[in-house]
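Asks: After the structure tokens below, expect a handful of questions from me.
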Amino acid sequence: MITYEWLYMLAGGFFLLWSILSLRDKRIGNAAFWGLLAVSFFAGSHIGNFANGLLVLALVVIAGLGGLKRSEPETTSAEERLAWSNKLGNALFVPALIVPITAVAGTLLYNYVPGFLESQLFEDKRETLILFGFGVVIALIVAVAWLRPPALAPAEEGRRLLDSIGWAAILPQMLAALGAVFALAGVGEIIGGFAGQAIPDGSVFLTVVVFALGMALFTMIMGNAFAAFPVMAAAIGIPLLVEAYGGDPAVIGAVGMLAGFCGTLLTPMAANFNIVPAALLELKDQNGVIRQQVGTAIPLWVCNVVIIYVGAFLLWN
Amino acid sequence: MNEGDVVNYWPLAGIALVVIGFAMRLNPLMVVVGAAAATGLLAGLDVVAVVEALGKAFNDNRYISVTWIILPVIGLLERYGLQQRARGLIESMRGATMSKLLVAYLLFRQVTAAIGMKDIGGHPQAVRPLVAPMAEAAAEMSHGDLPEDEREKVKAMSAATDNVGLFFGEDIFFAIASILLIQSVLKTNGYDLAAIELAVWAIPTAVCAFIIHAWRIRALDRRLAKVRPSNAESAA
């Protein structure tokens with residue numbers, strides 16, 4: 001059976017190569033940072049929680065001291081790129097499409113063609129990311145066979161992009177770790193308690209507003225709506241909206257979650273969606289993506305309040 | 001709060017640290033780990049337990065960072081002109097505008113996510129190499145060369161469109177993680193609902209999201225026209 005552990009070996013190999021190339025480029029901080037990440041992928045399952053924790057602290061110290069720098073590996077000029085793009089034409093899109101197609105078509109085949117699921121070829125519910133890994137390998141082979149680049153070009157071009165993302169590359173993973181510590185410390189229960197106290201008596205509409213606001217704000221703090229939902233459902237959604245006021249649990253659950261998603265659009269804590277793309281697109285303003293989302297998120301949140309009020313109460317009763 | 005209060009509110013200091021740290025533009029990795037350490041210690045865990053908790057959670061979430069293995073594919077294709085080709089494709093289309101392109105992408109992202117294909121699209125795979133250069137090219141075709149600030153807004157709007165399309169499409173698919181989470185939380189509380197009963201309630205919000213965000217994309221296009229009102233003909 002193919003598990004995540006295989007993917008971690010693959011990713012560890014990539015990061016090890018990036019570390020070696022950084023060392024060759026005399027960027028010691030980058031070499032140490034990506035090298036530690038390679039260690040995490042290769043050995044993380046075997047070295048125990050404390051050693052993994054020390055590894056996290058070491059990564060943070062390197063990043064905090066400004067040890068990660070952008071890199072400028074040898075590449076083609078803008079004119080050369082334009083010439084290549086005219087020569088190669090729309091076939092350039094093909095290798096780029098191999099990865100999503102492998103992941104999506106593979107997942108569908110694996111789940112819906114009889115026999116595949118029973119074969120247990122992939123770790124349960126992990127097939128999409130594993131297939132994504134296969135897609136990357138296939139796309140790399142196709143692109144290299146077709147374009148015949150210099151031997152190190154794929155790794156060096158990857159390193160250029162990785163170094164332009166820098167520390168933001170592991171921020172999403174680090175935030176997931178923060179969420180776990182918050183959960184351990186009972187932050188959710190404390191916030192749920194606050195939200196429960198903030199309810200005005202007897203007004204269904206205002207209770208809906210507090211519920212949706214709690215979902216959005218708590219999501220902004222935690223960086224994703226998944227952490228917020230169980231807490232807000234237990235504090236307000238179930239006891240008040242469903243049980244005391246008789247609302248439809250399907251609407252309150254589904255649209256409550258979506259009110260949380262509006263919060264995801266507004267917070268740097270949702271680094272994967274908001275901070276990483278700003279780095280990838282080389283924006284000067286780290287919060288540039290969030291700024292473009294504010295004007296969508298706020299009116300959409302209002303819509304969600306109205307949908308809950310109308311759908312769960314006015315239409316339901 | 002009075003002395004009889006049994007709840008320990010100190011773990012919330014971690015949230016305050018995150019807010020202050022991000023506001024002061026400190027390195028976010030330091031902010032996050034500092035907040036985690038403070039939260040754990042204030043909740044009564046000892047130092048070793050906090051380090052272990054961080055290490056375990058970081059290790060358990062390695063799958064999130066696996067996705068960077070796509071970078072050599074994207075980088076290699078960019079070396080051979082992928083972004084230029086994306087621009088060229090748009091420039092060859094008569095009448096292509098930034099708003100038509102991004103609204104079409106918004107709809108595409110919502111619909112594919114709604115039928116379970118949320119892995120089509122995304123920032124490293126689609127937005128950086130394809131959507132953002134296309135949006136820039138389309139904006140320059142209508143409005144001429146853009147000042148740096150406006151160019152940044154077009155790129156940021158491309159990323160925002162990917163996010164909005166994904167978030168407010170994926171919940172229509174009943175087998176998505178967030179729907180399963182809602183289902184399990186409701187079930188724990190005694191409300192046993194089918195995933196599909198929840199997923200249909202994602203549709204009204206998806207429609208609102210499309211209308212609002214499409215309107216905002218068009219508003220950005222109109223604003224760009226005001227920035228450079230007379231340059232439409234000078235674009236190559």
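Ordering of the structure tokens sets the chain letters (A, B, ...); residue numbers start at 1 within each chain; ligands are numbered from 1 in the order shown.
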Taking 6 positions as the minimum chain separation for residues in the same chain, which residues sit within 9 Å of Leu131 in chain A when counting only C-alpha atoms? Answer as a ChimeraX atom specification.

Replies: /A:99,102-104,106-107

Asks: Go ahead and save the picked residues with N, CA and C atoms, as an mmCIF file, in the first residue's frame.

Replies:
```
data_model
loop_
_atom_site.group_PDB
_atom_site.id
_atom_site.type_symbol
_atom_site.label_atom_id
_atom_site.label_comp_id
_atom_site.auth_asym_id
_atom_site.auth_seq_id
_atom_site.Cartn_x
_atom_site.Cartn_y
_atom_site.Cartn_z
ATOM 1 N N VAL A 99 -0.447 17.556 -13.823
ATOM 2 C CA VAL A 99 -0.548 17.368 -12.369
ATOM 3 C C VAL A 99 -2.008 17.390 -11.887
ATOM 4 N N THR A 102 -3.935 14.327 -13.311
ATOM 5 C CA THR A 102 -3.603 13.068 -12.639
ATOM 6 C C THR A 102 -4.288 12.988 -11.288
ATOM 7 N N ALA A 103 -4.247 14.108 -10.529
ATOM 8 C CA ALA A 103 -4.830 14.096 -9.186
ATOM 9 C C ALA A 103 -6.341 13.913 -9.238
ATOM 10 N N VAL A 104 -7.003 14.679 -10.115
ATOM 11 C CA VAL A 104 -8.467 14.666 -10.131
ATOM 12 C C VAL A 104 -9.019 13.418 -10.812
ATOM 13 N N GLY A 106 -7.444 10.667 -11.443
ATOM 14 C CA GLY A 106 -7.006 9.505 -10.681
ATOM 15 C C GLY A 106 -7.893 9.262 -9.467
ATOM 16 N N THR A 107 -8.235 10.349 -8.745
ATOM 17 C CA THR A 107 -9.095 10.206 -7.570
ATOM 18 C C THR A 107 -10.461 9.652 -7.953
#
```

Asks: Near range 37-51 of chain A, within 12 Å and counting only C-alpha atoms, which residues show up once chain neighbours fewer than 4 positions away are dropped, as number ranges by chain?

Replies: A: 4-20, 30-33, 55-60, 62, 167, 169-170, 173; B: 47-66, 68

Asks: Kindly export the residues of the current selection with C-alpha atoms, as a PDB file, in the first residue's frame.

Replies:
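Full text of part-v1.pdb as output:
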```
ATOM      1  CA  TYR A   4       1.980   9.393   2.924  1.00  0.00           C
ATOM      2  CA  GLU A   5       5.348   8.107   4.132  1.00  0.00           C
ATOM      3  CA  TRP A   6       6.306   7.527   0.460  1.00  0.00           C
ATOM      4  CA  LEU A   7       5.391  11.109  -0.372  1.00  0.00           C
ATOM      5  CA  TYR A   8       7.495  12.322   2.557  1.00  0.00           C
ATOM      6  CA  MET A   9      10.515  10.458   1.151  1.00  0.00           C
ATOM      7  CA  LEU A  10       9.908  12.072  -2.236  1.00  0.00           C
ATOM      8  CA  ALA A  11       9.531  15.544  -0.733  1.00  0.00           C
ATOM      9  CA  GLY A  12      12.554  14.950   1.506  1.00  0.00           C
ATOM     10  CA  GLY A  13      14.602  14.202  -1.612  1.00  0.00           C
ATOM     11  CA  PHE A  14      13.490  17.459  -3.253  1.00  0.00           C
ATOM     12  CA  PHE A  15      14.302  19.541  -0.177  1.00  0.00           C
ATOM     13  CA  LEU A  16      17.664  17.791   0.281  1.00  0.00           C
ATOM     14  CA  LEU A  17      18.574  18.693  -3.308  1.00  0.00           C
ATOM     15  CA  TRP A  18      17.514  22.302  -2.712  1.00  0.00           C
ATOM     16  CA  SER A  19      19.622  22.363   0.445  1.00  0.00           C
ATOM     17  CA  ILE A  20      22.709  21.085  -1.404  1.00  0.00           C
ATOM     18  CA  ASN A  30      18.844  28.621   3.056  1.00  0.00           C
ATOM     19  CA  ALA A  31      20.859  25.392   3.038  1.00  0.00           C
ATOM     20  CA  ALA A  32      20.255  24.896   6.777  1.00  0.00           C
ATOM     21  CA  PHE A  33      16.535  25.745   6.548  1.00  0.00           C
ATOM     22  CA  LEU A  55      13.665  21.008  14.793  1.00  0.00           C
ATOM     23  CA  VAL A  56      10.728  23.437  14.667  1.00  0.00           C
ATOM     24  CA  LEU A  57      12.533  25.836  17.006  1.00  0.00           C
ATOM     25  CA  ALA A  58      15.683  25.647  14.853  1.00  0.00           C
ATOM     26  CA  LEU A  59      13.662  26.471  11.705  1.00  0.00           C
ATOM     27  CA  VAL A  60      12.125  29.449  13.466  1.00  0.00           C
ATOM     28  CA  ILE A  62      16.954  30.609  11.171  1.00  0.00           C
ATOM     29  CA  TRP A 167       9.680  31.194   5.216  1.00  0.00           C
ATOM     30  CA  ALA A 169       6.475  28.007   2.551  1.00  0.00           C
ATOM     31  CA  ILE A 170       6.165  26.427   5.997  1.00  0.00           C
ATOM     32  CA  GLN A 173       2.194  23.899   8.459  1.00  0.00           C
TER      33      GLN A 173
ATOM     34  CA  VAL B  47       8.425  23.581  28.649  1.00  0.00           C
ATOM     35  CA  VAL B  48       9.131  20.039  27.504  1.00  0.00           C
ATOM     36  CA  ALA B  49       5.433  19.354  26.970  1.00  0.00           C
ATOM     37  CA  VAL B  50       5.075  22.517  24.883  1.00  0.00           C
ATOM     38  CA  VAL B  51       8.076  21.620  22.683  1.00  0.00           C
ATOM     39  CA  GLU B  52       6.677  18.112  22.283  1.00  0.00           C
ATOM     40  CA  ALA B  53       3.213  19.389  21.391  1.00  0.00           C
ATOM     41  CA  LEU B  54       4.690  21.700  18.754  1.00  0.00           C
ATOM     42  CA  GLY B  55       6.891  18.952  17.348  1.00  0.00           C
ATOM     43  CA  LYS B  56       4.054  16.459  17.153  1.00  0.00           C
ATOM     44  CA  ALA B  57       1.653  18.886  15.490  1.00  0.00           C
ATOM     45  CA  PHE B  58       4.282  20.085  13.006  1.00  0.00           C
ATOM     46  CA  ASN B  59       5.175  16.500  12.153  1.00  0.00           C
ATOM     47  CA  ASP B  60       1.531  15.431  11.772  1.00  0.00           C
ATOM     48  CA  ASN B  61       0.951  18.248   9.287  1.00  0.00           C
ATOM     49  CA  ARG B  62       3.878  17.586   6.944  1.00  0.00           C
ATOM     50  CA  TYR B  63       1.462  16.708   4.170  1.00  0.00           C
ATOM     51  CA  ILE B  64       0.644  20.428   3.854  1.00  0.00           C
ATOM     52  CA  SER B  65       4.204  21.234   2.735  1.00  0.00           C
ATOM     53  CA  VAL B  66       4.502  18.268   0.372  1.00  0.00           C
ATOM     54  CA  TRP B  68       5.914  22.370  -2.922  1.00  0.00           C
TER      55      TRP B  68
END
```

Asks: Write out as a PyMOL selection string each polymer residue whose atoms come within 8 Å of Asp163 in chain A, counting only C-alpha atoms; drop sequence neighbours fewer than 5 positions from it.

Replies: chain A and resi 30+68-71

Asks: Would you save the residues of that selection, restricted to N, CA and C atoms, as a tab-separated table (two decimals), in the first residue's frame?

Replies:
```tsv
chain	number	residue	atom	x	y	z
A	30	ASN	N	19.79	29.39	3.87
A	30	ASN	CA	18.84	28.62	3.06
A	30	ASN	C	19.16	27.13	3.12
A	68	LEU	N	17.12	33.40	5.67
A	68	LEU	CA	16.64	32.96	4.36
A	68	LEU	C	16.71	34.12	3.37
A	69	LYS	N	17.42	33.88	2.27
A	69	LYS	CA	17.57	34.94	1.27
A	69	LYS	C	17.00	34.47	-0.07
A	70	ARG	N	16.59	35.44	-0.88
A	70	ARG	CA	16.20	35.10	-2.25
A	70	ARG	C	17.43	34.61	-3.00
A	71	SER	N	17.22	33.81	-4.03
A	71	SER	CA	18.36	33.34	-4.81
A	71	SER	C	18.13	33.66	-6.28
```

Asks: Could you give me, as a PyMOL selection string, the residues within 10 Å of Arg85 in chain B, counting only C-alpha atoms and dropping anything in the same chain fewer than 4 positions from it?

Replies: (chain A and resi 81-93) or (chain B and resi 78+80-81+89-91+129-130+133-134)

Asks: Using only C-alpha atoms for the distances, tell me which of B:Val185, B:Val103, B:Met117, B:Val19 is nearest to Gly169 in chain B.

Replies: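 For Gly169 in chain B, the nearest of the candidates is B:Met117.
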
Asks: Could you name the residues that touch range 173-184 of chain B at 12 Å or less, counting only C-alpha atoms, but leaving out those on the same chain fewer than 4 positions away, as a PyMOL selection string?

Replies: (chain A and resi 111+125+224-234+237-238+249-258+260-261) or (chain B and resi 110-119+166-169+188-203+206)

Asks: Output as a ChimeraX atom specification all residues of range 82-145 of chain A that backbone DSSP marks as alpha helix (DSSP H).

Replies: /A:82-88,93-112,116-119,127-145

Asks: Please write the residues from the selection above to a file, keeping N, CA and C atoms, as a compact mmCIF listing (two decimals), in the first residue's frame.

Replies:
```txt
# COMPACT_ATOMS: atom_id res chain seq x y z
N LEU A 82 10.22 34.66 -24.36
CA LEU A 82 9.22 35.01 -25.38
C LEU A 82 9.48 34.19 -26.65
N ALA A 83 10.76 34.07 -27.02
CA ALA A 83 11.10 33.30 -28.23
C ALA A 83 10.70 31.83 -28.06
N TRP A 84 11.01 31.28 -26.89
CA TRP A 84 10.63 29.89 -26.64
C TRP A 84 9.11 29.73 -26.69
N SER A 85 8.39 30.67 -26.08
CA SER A 85 6.94 30.52 -26.00
C SER A 85 6.32 30.58 -27.40
N ASN A 86 6.91 31.40 -28.28
CA ASN A 86 6.40 31.44 -29.66
C ASN A 86 6.72 30.15 -30.40
N LYS A 87 7.90 29.59 -30.09
CA LYS A 87 8.32 28.37 -30.79
C LYS A 87 7.50 27.17 -30.32
N LEU A 88 7.28 27.08 -28.98
CA LEU A 88 6.66 25.88 -28.43
C LEU A 88 5.13 25.94 -28.47
N PHE A 93 1.29 24.30 -22.21
CA PHE A 93 0.31 24.11 -21.14
C PHE A 93 0.17 22.65 -20.73
N VAL A 94 0.54 21.76 -21.65
CA VAL A 94 0.27 20.33 -21.41
C VAL A 94 0.94 19.80 -20.13
N PRO A 95 2.28 19.99 -19.98
CA PRO A 95 2.87 19.46 -18.75
C PRO A 95 2.26 20.08 -17.49
N ALA A 96 1.86 21.36 -17.59
CA ALA A 96 1.27 22.03 -16.42
C ALA A 96 -0.07 21.39 -16.05
N LEU A 97 -0.77 20.85 -17.06
CA LEU A 97 -2.09 20.27 -16.79
C LEU A 97 -2.00 18.81 -16.32
N ILE A 98 -0.82 18.20 -16.53
CA ILE A 98 -0.69 16.79 -16.13
C ILE A 98 -0.96 16.61 -14.64
N VAL A 99 -0.45 17.56 -13.82
CA VAL A 99 -0.55 17.37 -12.37
C VAL A 99 -2.01 17.39 -11.89
N PRO A 100 -2.77 18.47 -12.18
CA PRO A 100 -4.16 18.44 -11.70
C PRO A 100 -4.98 17.31 -12.32
N ILE A 101 -4.72 17.00 -13.59
CA ILE A 101 -5.51 15.94 -14.23
C ILE A 101 -5.21 14.59 -13.59
N THR A 102 -3.94 14.33 -13.31
CA THR A 102 -3.60 13.07 -12.64
C THR A 102 -4.29 12.99 -11.29
N ALA A 103 -4.25 14.11 -10.53
CA ALA A 103 -4.83 14.10 -9.19
C ALA A 103 -6.34 13.91 -9.24
N VAL A 104 -7.00 14.68 -10.11
CA VAL A 104 -8.47 14.67 -10.13
C VAL A 104 -9.02 13.42 -10.81
N ALA A 105 -8.51 13.15 -12.04
CA ALA A 105 -9.02 11.97 -12.75
C ALA A 105 -8.65 10.70 -11.98
N GLY A 106 -7.44 10.67 -11.44
CA GLY A 106 -7.01 9.50 -10.68
C GLY A 106 -7.89 9.26 -9.47
N THR A 107 -8.23 10.35 -8.75
CA THR A 107 -9.09 10.21 -7.57
C THR A 107 -10.46 9.65 -7.95
N LEU A 108 -11.02 10.19 -9.06
CA LEU A 108 -12.34 9.73 -9.49
C LEU A 108 -12.29 8.26 -9.89
N LEU A 109 -11.28 7.90 -10.70
CA LEU A 109 -11.15 6.50 -11.12
C LEU A 109 -11.00 5.59 -9.91
N TYR A 110 -10.13 6.02 -8.99
CA TYR A 110 -9.82 5.18 -7.85
C TYR A 110 -11.07 4.92 -7.00
N ASN A 111 -11.91 5.96 -6.87
CA ASN A 111 -13.08 5.82 -6.00
C ASN A 111 -14.28 5.18 -6.67
N TYR A 112 -14.40 5.34 -8.01
CA TYR A 112 -15.65 4.93 -8.63
C TYR A 112 -15.53 3.76 -9.59
N PHE A 116 -10.71 -0.88 -7.71
CA PHE A 116 -9.56 -0.07 -7.29
C PHE A 116 -9.52 0.13 -5.78
N LEU A 117 -10.70 0.57 -5.24
CA LEU A 117 -10.76 0.87 -3.82
C LEU A 117 -10.45 -0.37 -2.98
N GLU A 118 -10.97 -1.52 -3.47
CA GLU A 118 -10.75 -2.77 -2.74
C GLU A 118 -9.28 -3.20 -2.80
N SER A 119 -8.59 -2.74 -3.86
CA SER A 119 -7.19 -3.16 -4.00
C SER A 119 -6.32 -2.55 -2.90
N GLU A 127 -5.66 9.28 -1.26
CA GLU A 127 -5.27 9.03 -2.65
C GLU A 127 -4.99 10.31 -3.43
N THR A 128 -5.72 11.42 -3.13
CA THR A 128 -5.56 12.60 -3.97
C THR A 128 -4.14 13.17 -3.90
N LEU A 129 -3.63 13.33 -2.67
CA LEU A 129 -2.29 13.91 -2.53
C LEU A 129 -1.23 12.96 -3.07
N ILE A 130 -1.43 11.66 -2.87
CA ILE A 130 -0.47 10.68 -3.40
C ILE A 130 -0.47 10.74 -4.93
N LEU A 131 -1.68 10.85 -5.51
CA LEU A 131 -1.76 10.96 -6.97
C LEU A 131 -1.16 12.27 -7.47
N PHE A 132 -1.30 13.33 -6.65
CA PHE A 132 -0.64 14.60 -6.97
C PHE A 132 0.87 14.38 -7.08
N GLY A 133 1.44 13.61 -6.15
CA GLY A 133 2.87 13.29 -6.20
C GLY A 133 3.23 12.55 -7.48
N PHE A 134 2.40 11.58 -7.85
CA PHE A 134 2.63 10.87 -9.12
C PHE A 134 2.58 11.84 -10.29
N GLY A 135 1.58 12.75 -10.26
CA GLY A 135 1.42 13.72 -11.34
C GLY A 135 2.66 14.57 -11.50
N VAL A 136 3.25 15.02 -10.36
CA VAL A 136 4.46 15.83 -10.41
C VAL A 136 5.59 15.06 -11.08
N VAL A 137 5.76 13.81 -10.68
CA VAL A 137 6.86 13.00 -11.25
C VAL A 137 6.64 12.81 -12.76
N ILE A 138 5.40 12.49 -13.15
CA ILE A 138 5.11 12.29 -14.58
C ILE A 138 5.36 13.60 -15.35
N ALA A 139 4.85 14.71 -14.82
CA ALA A 139 5.00 15.99 -15.51
C ALA A 139 6.48 16.35 -15.66
N LEU A 140 7.27 16.08 -14.63
CA LEU A 140 8.71 16.37 -14.70
C LEU A 140 9.37 15.54 -15.79
N ILE A 141 9.03 14.25 -15.82
CA ILE A 141 9.64 13.38 -16.83
C ILE A 141 9.26 13.85 -18.23
N VAL A 142 7.97 14.16 -18.44
CA VAL A 142 7.51 14.61 -19.75
C VAL A 142 8.21 15.90 -20.15
N ALA A 143 8.25 16.86 -19.21
CA ALA A 143 8.82 18.18 -19.52
C ALA A 143 10.32 18.06 -19.83
N VAL A 144 11.03 17.26 -19.06
CA VAL A 144 12.47 17.11 -19.28
C VAL A 144 12.74 16.39 -20.60
N ALA A 145 11.95 15.33 -20.89
CA ALA A 145 12.15 14.59 -22.13
C ALA A 145 11.88 15.48 -23.34
```

Asks: So what do you get for CA of Pro239 in chain A versus CA of Leu178 in chain A, distance-wise?

Replies: 28.5 Å

Asks: Write out as a PDB file with C-alpha atoms, in the first residue's frame the residues lying within 8 Å of range 299-305 of chain A, counting only C-alpha atoms and excluding same-chain residues fewer than 3 positions away.

Replies:
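Final file, out14.pdb:
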```
ATOM      1  CA  VAL A 208     -27.946  34.564  14.323  1.00  0.00           C
ATOM      2  CA  VAL A 209     -25.727  37.648  13.998  1.00  0.00           C
ATOM      3  CA  ALA A 212     -22.157  34.189  12.324  1.00  0.00           C
ATOM      4  CA  VAL A 255     -24.241  28.299   6.280  1.00  0.00           C
ATOM      5  CA  GLY A 256     -22.589  28.829   9.667  1.00  0.00           C
ATOM      6  CA  LEU A 258     -19.652  29.442   5.196  1.00  0.00           C
ATOM      7  CA  ALA A 259     -19.845  32.500   7.469  1.00  0.00           C
ATOM      8  CA  CYS A 262     -15.742  34.708   5.000  1.00  0.00           C
ATOM      9  CA  GLY A 295     -14.902  43.917  -0.328  1.00  0.00           C
ATOM     10  CA  THR A 296     -16.187  40.439  -1.153  1.00  0.00           C
ATOM     11  CA  ILE A 308     -29.518  31.591   7.967  1.00  0.00           C
ATOM     12  CA  TYR A 309     -32.315  33.820   9.252  1.00  0.00           C
TER      13      TYR A 309
ATOM     14  CA  THR B 205     -24.166  31.394  -0.613  1.00  0.00           C
ATOM     15  CA  CYS B 208     -24.238  35.323  -3.694  1.00  0.00           C
ATOM     16  CA  ALA B 209     -20.455  34.844  -3.805  1.00  0.00           C
ATOM     17  CA  ILE B 212     -20.668  39.874  -5.361  1.00  0.00           C
TER      18      ILE B 212
END
```
